[in-house]
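Trainee: Got a file for you: start-v9.cif, mmCIF, C-alpha atoms.
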data_protein
#
loop_
_atom_site.label_atom_id
_atom_site.label_comp_id
_atom_site.auth_asym_id
_atom_site.auth_seq_id
_atom_site.Cartn_x
_atom_site.Cartn_y
_atom_site.Cartn_z
CA MET A 1 91.62 96.35 36.43
CA THR A 2 90.77 95.84 32.75
CA GLU A 3 94.43 94.90 32.29
CA PHE A 4 93.97 91.80 34.49
CA ASP A 5 94.85 88.69 32.48
CA GLY A 6 93.58 86.20 35.03
CA LYS A 7 96.98 85.13 36.33
CA ARG A 8 96.66 84.79 40.06
CA TRP A 9 99.05 86.36 42.56
CA HIS A 10 100.55 83.13 43.87
CA ASP A 11 101.47 81.98 40.34
CA MET A 12 104.83 83.74 40.42
CA GLY A 13 106.96 81.87 37.88
CA GLY A 14 108.69 84.23 35.46
CA ALA A 15 107.71 87.48 37.14
CA GLY A 16 110.45 90.03 37.65
CA ALA A 17 111.84 90.47 41.14
CA GLY A 18 114.99 91.59 42.89
CA PRO A 19 117.95 89.56 44.14
CA VAL A 20 117.30 86.55 46.36
CA VAL A 21 118.01 87.52 49.95
CA PRO A 22 119.45 84.46 51.71
CA ALA A 23 117.24 84.90 54.78
CA GLU A 24 116.41 82.15 57.21
CA HIS A 25 115.36 81.87 60.83
CA ASP A 26 114.87 79.23 63.46
CA PHE A 27 111.21 78.49 63.85
CA ALA A 28 109.35 79.73 66.90
CA LEU A 29 107.27 77.41 69.06
CA TRP A 30 104.02 78.84 67.75
CA GLU A 31 105.18 78.29 64.15
CA LYS A 32 106.06 74.68 64.93
CA ARG A 33 102.63 74.24 66.47
CA VAL A 34 100.93 75.57 63.33
CA ASP A 35 103.01 73.18 61.28
CA ALA A 36 102.07 70.26 63.54
CA LEU A 37 98.34 71.11 63.41
CA MET A 38 98.52 71.27 59.63
CA VAL A 39 100.15 67.83 59.37
CA LEU A 40 97.94 66.16 61.99
CA CYS A 41 94.63 67.49 60.67
CA SER A 42 95.45 66.65 57.07
CA THR A 43 96.60 63.15 58.12
CA LYS A 44 93.27 62.73 59.92
CA GLY A 45 91.45 63.63 56.71
CA LEU A 46 89.94 66.93 57.89
CA PHE A 47 91.28 68.71 54.83
CA THR A 48 93.74 68.35 51.97
CA VAL A 49 96.88 70.34 51.30
CA ASP A 50 95.07 71.56 48.19
CA GLY A 51 92.34 72.95 50.44
CA LEU A 52 94.95 74.84 52.46
CA ARG A 53 96.60 76.26 49.35
CA ARG A 54 93.23 77.32 47.97
CA ALA A 55 92.44 79.20 51.18
CA ILE A 56 95.78 81.04 51.03
CA GLU A 57 95.42 81.88 47.35
CA ASP A 58 91.94 83.25 47.99
CA MET A 59 93.30 85.60 50.67
CA GLY A 60 94.59 87.77 47.81
CA PRO A 61 97.92 89.32 46.81
CA ASP A 62 98.41 91.66 49.75
CA VAL A 63 98.58 88.75 52.16
CA PHE A 64 102.01 87.72 50.84
CA GLU A 65 103.50 91.05 51.83
CA ASN A 66 101.51 91.69 55.02
CA THR A 67 101.65 88.34 56.78
CA THR A 68 104.25 85.69 57.52
CA TYR A 69 104.24 82.13 56.19
CA TYR A 70 102.78 80.64 59.36
CA ASP A 71 100.26 83.49 59.74
CA ARG A 72 98.85 82.35 56.40
CA TRP A 73 99.00 78.68 57.29
CA ILE A 74 97.02 79.04 60.53
CA ALA A 75 94.45 81.15 58.66
CA ALA A 76 94.14 78.38 56.08
CA VAL A 77 94.00 75.59 58.66
CA ASN A 78 91.25 77.45 60.49
CA GLN A 79 89.30 78.16 57.29
CA ASN A 80 89.39 74.48 56.35
CA LEU A 81 88.41 73.29 59.85
CA ILE A 82 85.39 75.62 59.80
CA GLU A 83 84.45 74.18 56.41
CA ALA A 84 84.90 70.64 57.76
CA GLY A 85 82.56 71.40 60.65
CA THR A 86 85.19 70.63 63.28
CA TYR A 87 84.04 73.66 65.31
CA THR A 88 81.74 76.59 64.70
CA LEU A 89 82.53 80.26 64.16
CA GLY A 90 80.83 80.93 67.49
CA GLU A 91 83.15 78.54 69.30
CA LEU A 92 86.17 80.03 67.54
CA GLY A 93 85.21 83.60 68.37
CA ALA A 94 84.58 82.82 72.02
CA LYS A 95 87.88 80.94 72.32
CA MET A 96 89.90 83.69 70.62
CA ASP A 97 88.36 86.30 72.96
CA GLU A 98 89.19 84.18 75.97
CA VAL A 99 92.78 83.56 74.78
CA ALA A 100 93.39 87.26 74.09
CA LYS A 101 92.38 88.13 77.67
CA ARG A 102 94.96 85.80 79.19
CA GLY A 103 97.92 88.12 78.79
CA GLU A 104 100.04 90.37 76.66
CA THR A 105 102.48 87.84 75.27
CA TYR A 106 102.26 84.54 73.44
CA GLY A 107 103.74 82.72 76.40
CA GLN A 108 101.06 84.08 78.76
CA ALA A 109 98.18 83.49 76.34
CA ALA A 110 99.37 80.00 75.42
CA ARG A 111 100.13 79.17 79.06
CA GLY A 112 103.52 77.85 77.99
CA MET B 1 92.80 79.49 29.88
CA MET B 2 92.89 81.23 33.25
CA PRO B 3 90.11 79.87 35.48
CA PRO B 4 89.97 81.85 38.75
CA GLY B 5 90.57 78.95 41.13
CA HIS B 6 93.07 76.47 42.51
CA ILE B 7 95.13 75.28 39.52
CA ARG B 8 98.50 73.53 39.64
CA THR B 9 99.51 74.28 36.06
CA PRO B 10 101.62 77.44 36.17
CA ALA B 11 100.49 80.23 33.85
CA TYR B 12 103.96 80.57 32.32
CA LEU B 13 103.67 77.05 30.87
CA ARG B 14 100.13 77.24 29.48
CA GLY B 15 100.15 76.93 25.70
CA LYS B 16 103.78 75.80 25.60
CA THR B 17 105.01 72.60 23.94
CA GLY B 18 107.19 70.07 25.72
CA TRP B 19 107.79 66.34 25.86
CA ILE B 20 106.95 63.70 28.45
CA GLU B 21 109.90 63.03 30.73
CA ARG B 22 108.06 60.33 32.71
CA GLN B 23 104.58 59.27 33.72
CA LEU B 24 103.42 59.39 37.35
CA GLY B 25 100.31 58.77 39.31
CA PRO B 26 97.42 58.41 39.39
CA PHE B 27 96.80 61.30 41.75
CA GLY B 28 93.57 63.02 42.85
CA ASN B 29 92.64 66.12 40.90
CA PRO B 30 93.67 69.12 43.04
CA GLU B 31 91.07 71.29 41.31
CA GLN B 32 88.42 69.20 43.11
CA GLN B 33 90.32 68.33 46.28
CA ALA B 34 90.89 72.03 47.01
CA TYR B 35 87.14 72.49 47.45
CA GLY B 36 86.36 69.58 49.76
CA LEU B 37 85.49 67.24 46.89
CA LEU B 38 86.89 63.80 46.22
CA GLY B 39 89.40 64.24 43.41
CA ASP B 40 89.10 62.16 40.26
CA LYS B 41 92.22 60.05 39.80
CA LEU B 42 94.35 61.51 37.02
CA THR B 43 97.60 60.54 35.39
CA LEU B 44 100.32 63.04 36.18
CA TYR B 45 103.16 63.64 33.75
CA ARG B 46 106.52 65.23 34.18
CA VAL B 47 106.84 67.41 31.10
CA ARG B 48 110.17 68.87 29.97
CA PHE B 49 110.38 72.17 28.12
CA THR B 50 113.31 74.03 26.66
CA MET B 51 113.87 77.52 28.00
CA ALA B 52 113.69 78.69 24.38
CA GLU B 53 110.12 77.36 24.16
CA VAL B 54 109.05 78.85 27.47
CA TRP B 55 110.71 82.28 27.28
CA GLY B 56 111.50 82.79 23.59
CA ASP B 57 114.05 85.53 22.97
CA GLN B 58 114.19 86.25 26.68
CA ALA B 59 115.60 82.83 27.52
CA GLU B 60 118.77 83.12 29.58
CA ARG B 61 120.28 80.09 27.78
CA PRO B 62 117.90 78.49 25.23
CA GLU B 63 119.21 74.94 25.71
CA ASP B 64 118.55 74.83 29.45
CA THR B 65 115.38 72.96 30.37
CA LEU B 66 112.50 73.17 32.76
CA ASP B 67 110.51 70.21 34.11
CA ALA B 68 107.05 70.50 35.69
CA GLU B 69 104.36 68.05 36.76
CA ILE B 70 101.18 68.48 34.76
CA TYR B 71 97.90 66.58 35.09
CA GLU B 72 96.55 64.86 32.01
CA HIS B 73 93.58 67.19 31.48
CA TRP B 74 95.98 70.10 30.89
CA LEU B 75 97.79 68.28 28.10
CA GLU B 76 97.01 67.70 24.44
CA PRO B 77 99.03 65.97 21.71
CA ALA B 78 101.50 68.22 19.93
CA MET C 1 110.13 75.08 75.56
CA PRO C 2 109.83 78.86 75.86
CA HIS C 3 113.05 80.74 75.36
CA ASP C 4 113.90 84.35 76.06
CA HIS C 5 116.98 84.99 73.98
CA HIS C 6 115.29 86.45 70.91
CA ASP C 7 117.91 89.21 70.64
CA HIS C 8 120.63 86.68 70.01
CA LEU C 9 121.65 84.30 67.34
CA SER C 10 120.75 80.68 67.78
CA PRO C 11 123.34 77.91 67.82
CA SER C 12 122.84 77.62 64.06
CA GLY C 13 123.69 81.31 63.68
CA HIS C 14 120.22 82.49 62.69
CA PRO C 15 118.04 84.96 64.54
CA TYR C 16 115.20 83.55 66.57
CA ARG C 17 111.78 84.60 65.34
CA ALA C 18 109.90 86.76 67.85
CA ASP C 19 108.44 84.23 70.20
CA ASN C 20 106.93 83.75 73.60
CA ASP C 21 107.80 87.10 75.13
CA GLU C 22 106.72 89.26 72.20
CA PRO C 23 103.26 90.90 72.16
CA LEU C 24 100.58 88.38 71.24
CA SER C 25 99.63 88.65 67.56
CA TYR C 26 96.22 88.05 66.02
CA TRP C 27 97.45 84.93 64.22
CA GLN C 28 99.08 83.55 67.36
CA THR C 29 95.75 84.04 69.13
CA MET C 30 94.14 82.01 66.37
CA GLU C 31 96.76 79.26 66.67
CA ILE C 32 96.15 78.89 70.41
CA ALA C 33 92.37 78.90 69.92
CA VAL C 34 92.43 76.37 67.08
CA ARG C 35 94.79 74.06 68.96
CA GLU C 36 92.71 74.16 72.14
CA LEU C 37 89.47 73.60 70.23
CA LEU C 38 91.00 70.58 68.47
CA ILE C 39 91.99 69.17 71.87
CA GLU C 40 88.59 69.93 73.44
CA LYS C 41 86.83 68.26 70.52
CA GLY C 42 89.01 65.17 70.88
CA VAL C 43 90.51 65.55 67.41
CA SER C 44 94.02 65.69 68.85
CA ASN C 45 95.80 66.04 72.18
CA ALA C 46 98.83 67.85 73.53
CA ALA C 47 101.03 64.77 73.50
CA GLU C 48 100.27 64.06 69.86
CA ILE C 49 100.97 67.66 68.87
CA ASN C 50 104.27 67.68 70.77
CA ALA C 51 105.24 64.36 69.21
CA GLN C 52 104.59 65.77 65.75
CA ILE C 53 106.75 68.82 66.53
CA ASP C 54 109.54 66.53 67.76
CA ALA C 55 109.26 64.36 64.65
CA MET C 56 109.60 67.41 62.41
CA ASP C 57 112.48 68.84 64.49
CA ALA C 58 114.31 65.54 64.10
CA ARG C 59 114.41 65.87 60.32
CA SER C 60 117.30 67.85 58.88
CA PRO C 61 119.58 68.15 55.88
CA ALA C 62 121.90 65.69 57.65
CA ASP C 63 119.41 62.96 56.68
CA GLY C 64 119.56 63.89 53.02
CA ALA C 65 123.34 64.11 53.24
CA GLN C 66 123.48 60.48 54.34
CA VAL C 67 121.34 59.48 51.38
CA VAL C 68 123.58 61.37 48.96
CA ALA C 69 126.78 59.95 50.46
CA ARG C 70 125.38 56.43 50.18
CA ALA C 71 124.54 57.08 46.51
CA TRP C 72 128.12 58.25 45.94
CA THR C 73 129.60 55.09 47.45
CA ASP C 74 127.07 52.37 46.55
CA PRO C 75 126.25 52.13 42.84
CA ALA C 76 123.34 49.74 43.37
CA PHE C 77 121.81 52.11 45.92
CA ARG C 78 122.29 55.03 43.53
CA GLU C 79 120.27 53.10 40.92
CA ARG C 80 117.50 52.45 43.42
CA LEU C 81 117.49 56.09 44.54
CA LEU C 82 117.14 57.33 40.97
CA ALA C 83 114.40 54.76 40.26
CA ASN C 84 112.37 55.47 43.41
CA GLY C 85 113.59 58.16 45.78
CA SER C 86 111.04 57.44 48.50
CA ASP C 87 111.74 53.72 48.72
CA ALA C 88 115.49 54.31 48.82
CA CYS C 89 115.17 56.75 51.74
CA ARG C 90 112.89 54.35 53.63
CA GLU C 91 115.39 51.56 53.00
CA MET C 92 117.93 53.65 54.95
CA GLY C 93 115.46 53.92 57.82
CA PHE C 94 114.30 57.52 57.37
CA ASP C 95 110.72 58.23 58.43
CA ILE C 96 109.62 60.27 55.43
CA GLY C 97 105.88 59.64 55.80
CA ALA C 98 103.96 59.98 52.53
CA LEU C 99 106.75 61.89 50.78
CA GLN C 100 106.90 61.07 47.06
CA LEU C 101 110.50 61.80 46.21
CA ILE C 102 112.34 62.05 42.91
CA ALA C 103 116.14 62.28 43.07
CA VAL C 104 117.87 64.10 40.22
CA GLU C 105 121.59 63.78 39.70
CA ASN C 106 124.16 66.42 38.86
CA THR C 107 126.80 65.25 36.40
CA ARG C 108 129.63 66.77 34.41
CA ASP C 109 127.02 67.94 31.88
CA VAL C 110 123.91 68.70 33.94
CA HIS C 111 123.12 70.87 36.96
CA ASN C 112 119.69 70.50 38.58
CA VAL C 113 117.91 73.09 40.69
CA ILE C 114 114.58 72.82 42.53
CA VAL C 115 111.89 75.48 42.96
CA CYS C 116 108.16 75.69 43.60
CA THR C 117 106.67 78.67 41.77
CA LEU C 118 103.08 78.12 42.95
CA CYS C 119 103.72 77.82 46.69
CA SER C 120 106.82 76.44 48.37
CA CYS C 121 106.76 72.65 48.05
CA TYR C 122 109.93 71.20 49.55
CA PRO C 123 111.11 67.68 50.50
CA ARG C 124 110.42 68.54 54.14
CA ASN C 125 110.04 64.95 55.31
CA LEU C 126 113.63 64.30 54.30
CA LEU C 127 115.39 67.67 54.72
CA GLY C 128 113.25 69.37 57.38
CA LEU C 129 111.46 72.70 56.95
CA ALA C 130 112.37 74.96 54.02
CA PRO C 131 114.54 78.05 54.51
CA ASP C 132 112.82 81.43 54.19
CA TRP C 133 114.52 82.35 50.92
CA TYR C 134 113.10 79.23 49.24
CA LYS C 135 109.61 80.64 49.94
CA SER C 136 110.45 84.18 48.82
CA ARG C 137 108.94 85.96 45.83
CA GLU C 138 112.42 86.50 44.41
CA TYR C 139 113.39 82.82 44.40
CA ARG C 140 109.99 81.56 43.24
CA SER C 141 109.66 84.11 40.44
CA ARG C 142 113.12 84.13 38.98
CA THR C 143 114.50 80.60 39.23
CA VAL C 144 112.42 79.31 36.31
CA LYS C 145 113.42 82.19 34.04
CA GLU C 146 116.99 83.13 34.95
CA PRO C 147 118.38 80.20 36.94
CA ARG C 148 121.98 81.07 36.10
CA LYS C 149 121.62 84.54 37.51
CA VAL C 150 119.86 83.23 40.63
CA LEU C 151 122.58 80.61 41.15
CA SER C 152 125.26 83.27 40.76
CA GLU C 153 123.65 85.12 43.67
CA PHE C 154 124.26 81.98 45.72
CA GLY C 155 127.88 81.98 44.56
CA VAL C 156 127.38 79.11 42.11
CA SER C 157 128.72 79.68 38.63
CA VAL C 158 127.49 77.09 36.13
CA PRO C 159 129.76 76.85 33.06
CA ASP C 160 128.22 77.49 29.65
CA GLY C 161 128.81 73.91 28.60
CA VAL C 162 126.71 72.56 31.48
CA GLN C 163 122.96 72.32 30.96
CA ILE C 164 120.71 73.56 33.73
CA ARG C 165 117.57 71.59 34.49
CA VAL C 166 115.08 73.50 36.59
CA HIS C 167 112.43 71.42 38.33
CA ASP C 168 109.22 73.26 39.26
CA SER C 169 107.48 71.21 42.01
CA THR C 170 103.98 71.90 40.72
CA ALA C 171 102.10 68.85 41.96
CA ASP C 172 102.56 65.67 43.99
CA MET C 173 106.29 64.96 43.73
CA ARG C 174 109.11 66.49 45.74
CA TYR C 175 112.72 66.66 44.58
CA VAL C 176 116.20 66.28 45.95
CA VAL C 177 119.38 66.95 44.02
CA ILE C 178 122.26 64.48 44.21
CA PRO C 179 125.17 66.91 43.92
CA ALA C 180 128.32 65.91 42.06
CA ARG C 181 130.84 64.14 44.27
CA PRO C 182 133.79 66.45 44.91
CA GLU C 183 137.13 65.54 43.41
CA GLY C 184 139.81 64.36 45.78
CA THR C 185 137.47 62.21 47.84
CA GLU C 186 138.36 58.84 46.34
CA GLY C 187 138.23 56.13 48.96
CA TRP C 188 136.36 58.23 51.52
CA SER C 189 133.74 56.57 53.70
CA ALA C 190 130.07 57.48 53.29
CA GLU C 191 130.16 58.96 56.78
CA ALA C 192 133.02 61.33 55.92
CA LEU C 193 131.45 62.22 52.58
CA ALA C 194 128.13 63.14 54.22
CA ASP C 195 129.85 66.06 55.96
CA LEU C 196 130.49 67.59 52.53
CA VAL C 197 126.81 67.55 51.52
CA THR C 198 125.10 70.84 52.32
CA ARG C 199 121.39 71.59 52.32
CA ASP C 200 121.77 74.00 49.43
CA SER C 201 123.65 71.40 47.39
CA MET C 202 120.54 69.20 47.65
CA ILE C 203 118.31 72.08 46.44
CA GLY C 204 120.73 72.90 43.65
CA THR C 205 121.62 76.38 44.88
CA GLY C 206 124.93 75.09 46.17
CA LEU C 207 127.63 72.53 45.47
CA ALA C 208 129.02 69.88 47.77
CA LYS C 209 131.94 71.18 49.80
CA THR C 210 135.41 70.35 48.55
CA PRO C 211 137.83 68.76 51.00
#
Any chance you could put this one into structure tokens?

Mentor:
Amino acid sequence: MTEFDGKRWHDMGGAGAGPVVPAEHDFALWEKRVDALMVLCSTKGLFTVDGLRRAIEDMGPDVFENTTYYDRWIAAVNQNLIEAGTYTLGELGAKMDEVAKRGETYGQAARG
Amino acid sequence: MMPPGHIRTPAYLRGKTGWIERQLGPFGNPEQQAYGLLGDKLTLYRVRFTMAEVWGDQAERPEDTLDAEIYEHWLEPA
Amino acid sequence: MPHDHHDHLSPSGHPYRADNDEPLSYWQTMEIAVRELLIEKGVSNAAEINAQIDAMDARSPADGAQVVARAWTDPAFRERLLANGSDACREMGFDIGALQLIAVENTRDVHNVIVCTLCSCYPRNLLGLAPDWYKSREYRSRTVKEPRKVLSEFGVSVPDGVQIRVHDSTADMRYVVIPARPEGTEGWSAEALADLVTRDSMIGTGLAKTP
């Protein structure tokens, strides 16, 4: 790690990489919901887009390969809402446990 | 300078010389806003660089240009 | 609405992302929990969240195409668009929220292309959500260093005599490219011209279609 020059993983400009793969997909309902929560909470002043980016950057380089775009965004939204005091870690943990017990699929757990 | 935090000045442009394309702002400093602080209002500039300045001998075509938005505290007269 | 045709291509020809009938993921669990907590706490409600989704779904490259076609046919509007992209879009009735937009124009001598190397900033309130490739490591890394090679991978060959201007969306502004108006469209209506304006032509990774 002594070679580390301080450039952070998200700061990608100029790095070598392979050909651009022209991938795209239609967004799933849960992705659209993450997007909506991000817009609504930032409009309501609970966090800034800078706060979201900071949370994603601080997740470290592996996160870019191991998670999807909206995985990272919900992680960042949640991190910022905890910091804003919107709900507690205890409330989050209890709710996630309850949601996970509702069923095997997103549709079952989200109840639609 | 490579502070380990939320910075909106890309590393590949640090230390490079360009010219002001236009002035924008003021906008809150993202280096404060990212941490739940109220951002100081800063002037933002669009700065234009030649690819020759940014990439030197590795430039794909030296006369092509690159524009980026840079907050005033990352700029000094050249 | 839930859908169950994830094996198939959507009407736009793209695969659906694994959705309601796939095994629940950790991050989906978090999304449901966060959303329900926000509703329980009175921060938001289901109707507001659905309305936000609908508002985002309603935005698409077709909106930007109308703006470009107007700029091609209305010189005074073109001036206003170049002077203040956001105001010009609002003037046409587009709900772009707080978007701070700069329009950059392709000419005989200049080709513009947009990228965000630090994350994936995109003029979403005009064009809708960004395509996956725009957010990829390959596009973000390489466009600022070898734009000609990247554009060639999109099938766009920029002649040596044309200068490329890359715009890295590093801060508060978002960008849209006004592509060059195709030859052979003299006298066309703005409505007909808008059909020639593709999403990629407004990012700079494409050109307007030729008739």

Trainee: Determine the nearest neighbour of chain A from the options C:Asp63, C:Glu138, C:Asp87, C:Glu105, counting all atoms listed in the file.

Mentor: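 Ranked by minimum distance to chain A, first place goes to C:Glu138.
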
Trainee: Could you please give me, as a VMD selection string, the residues of protein, DNA or RNA lying at most 9 Å from (104.7, 77.1, 32.4) in the coordinate frame of the file, considering all atoms listed in the file?

Mentor: (chain A and resid 13 to 14) or (chain B and resid 9 to 16 49 54 66 68) or (chain C and resid 144)

Trainee: Could you pull the residues within 9 Å of C:Tyr134, counting all atoms listed in the file, minus those fewer than 2 positions along the same chain, as an mmCIF file with C-alpha atoms, keeping the file's coordinate frame?

Mentor:
data_model
loop_
_atom_site.group_PDB
_atom_site.id
_atom_site.type_symbol
_atom_site.label_atom_id
_atom_site.label_comp_id
_atom_site.auth_asym_id
_atom_site.auth_seq_id
_atom_site.Cartn_x
_atom_site.Cartn_y
_atom_site.Cartn_z
ATOM 1 C CA VAL A 20 117.300 86.550 46.360
ATOM 2 C CA PRO A 22 119.450 84.460 51.710
ATOM 3 C CA ALA A 23 117.240 84.900 54.780
ATOM 4 C CA VAL C 115 111.890 75.480 42.960
ATOM 5 C CA CYS C 116 108.160 75.690 43.600
ATOM 6 C CA SER C 120 106.820 76.440 48.370
ATOM 7 C CA TYR C 122 109.930 71.200 49.550
ATOM 8 C CA ALA C 130 112.370 74.960 54.020
ATOM 9 C CA PRO C 131 114.540 78.050 54.510
ATOM 10 C CA ASP C 132 112.820 81.430 54.190
ATOM 11 C CA SER C 136 110.450 84.180 48.820
ATOM 12 C CA ARG C 137 108.940 85.960 45.830
ATOM 13 C CA GLU C 138 112.420 86.500 44.410
ATOM 14 C CA TYR C 139 113.390 82.820 44.400
ATOM 15 C CA ARG C 140 109.990 81.560 43.240
#

Trainee: Residues picked by the PyMOL selection byres ((chain A) within 6 of (chain B)) here, as a PyMOL selection string?

Mentor: chain A and resi 6+50-51+54

Trainee: Once the PyMOL selection byres ((chain C) within 12 of (chain B)) is applied to the coordinates I shared, what remains selected? I want it as a PDB file with C-alpha atoms, in the coordinates of the input.

Mentor:
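Result file follows (selection.pdb):
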ATOM      1  CA  ALA C  83     114.400  54.760  40.260  1.00  0.00           C
ATOM      2  CA  ASN C  84     112.370  55.470  43.410  1.00  0.00           C
ATOM      3  CA  GLN C 100     106.900  61.070  47.060  1.00  0.00           C
ATOM      4  CA  LEU C 101     110.500  61.800  46.210  1.00  0.00           C
ATOM      5  CA  ILE C 102     112.340  62.050  42.910  1.00  0.00           C
ATOM      6  CA  VAL C 104     117.870  64.100  40.220  1.00  0.00           C
ATOM      7  CA  ASP C 109     127.020  67.940  31.880  1.00  0.00           C
ATOM      8  CA  VAL C 110     123.910  68.700  33.940  1.00  0.00           C
ATOM      9  CA  HIS C 111     123.120  70.870  36.960  1.00  0.00           C
ATOM     10  CA  ASN C 112     119.690  70.500  38.580  1.00  0.00           C
ATOM     11  CA  VAL C 113     117.910  73.090  40.690  1.00  0.00           C
ATOM     12  CA  ILE C 114     114.580  72.820  42.530  1.00  0.00           C
ATOM     13  CA  VAL C 115     111.890  75.480  42.960  1.00  0.00           C
ATOM     14  CA  CYS C 116     108.160  75.690  43.600  1.00  0.00           C
ATOM     15  CA  THR C 117     106.670  78.670  41.770  1.00  0.00           C
ATOM     16  CA  LEU C 118     103.080  78.120  42.950  1.00  0.00           C
ATOM     17  CA  CYS C 119     103.720  77.820  46.690  1.00  0.00           C
ATOM     18  CA  CYS C 121     106.760  72.650  48.050  1.00  0.00           C
ATOM     19  CA  ARG C 140     109.990  81.560  43.240  1.00  0.00           C
ATOM     20  CA  SER C 141     109.660  84.110  40.440  1.00  0.00           C
ATOM     21  CA  ARG C 142     113.120  84.130  38.980  1.00  0.00           C
ATOM     22  CA  THR C 143     114.500  80.600  39.230  1.00  0.00           C
ATOM     23  CA  VAL C 144     112.420  79.310  36.310  1.00  0.00           C
ATOM     24  CA  LYS C 145     113.420  82.190  34.040  1.00  0.00           C
ATOM     25  CA  GLU C 146     116.990  83.130  34.950  1.00  0.00           C
ATOM     26  CA  PRO C 147     118.380  80.200  36.940  1.00  0.00           C
ATOM     27  CA  ARG C 148     121.980  81.070  36.100  1.00  0.00           C
ATOM     28  CA  LYS C 149     121.620  84.540  37.510  1.00  0.00           C
ATOM     29  CA  VAL C 150     119.860  83.230  40.630  1.00  0.00           C
ATOM     30  CA  VAL C 158     127.490  77.090  36.130  1.00  0.00           C
ATOM     31  CA  PRO C 159     129.760  76.850  33.060  1.00  0.00           C
ATOM     32  CA  ASP C 160     128.220  77.490  29.650  1.00  0.00           C
ATOM     33  CA  GLY C 161     128.810  73.910  28.600  1.00  0.00           C
ATOM     34  CA  VAL C 162     126.710  72.560  31.480  1.00  0.00           C
ATOM     35  CA  GLN C 163     122.960  72.320  30.960  1.00  0.00           C
ATOM     36  CA  ILE C 164     120.710  73.560  33.730  1.00  0.00           C
ATOM     37  CA  ARG C 165     117.570  71.590  34.490  1.00  0.00           C
ATOM     38  CA  VAL C 166     115.080  73.500  36.590  1.00  0.00           C
ATOM     39  CA  HIS C 167     112.430  71.420  38.330  1.00  0.00           C
ATOM     40  CA  ASP C 168     109.220  73.260  39.260  1.00  0.00           C
ATOM     41  CA  SER C 169     107.480  71.210  42.010  1.00  0.00           C
ATOM     42  CA  THR C 170     103.980  71.900  40.720  1.00  0.00           C
ATOM     43  CA  ALA C 171     102.100  68.850  41.960  1.00  0.00           C
ATOM     44  CA  ASP C 172     102.560  65.670  43.990  1.00  0.00           C
ATOM     45  CA  MET C 173     106.290  64.960  43.730  1.00  0.00           C
ATOM     46  CA  ARG C 174     109.110  66.490  45.740  1.00  0.00           C
ATOM     47  CA  TYR C 175     112.720  66.660  44.580  1.00  0.00           C
TER      48      TYR C 175
END
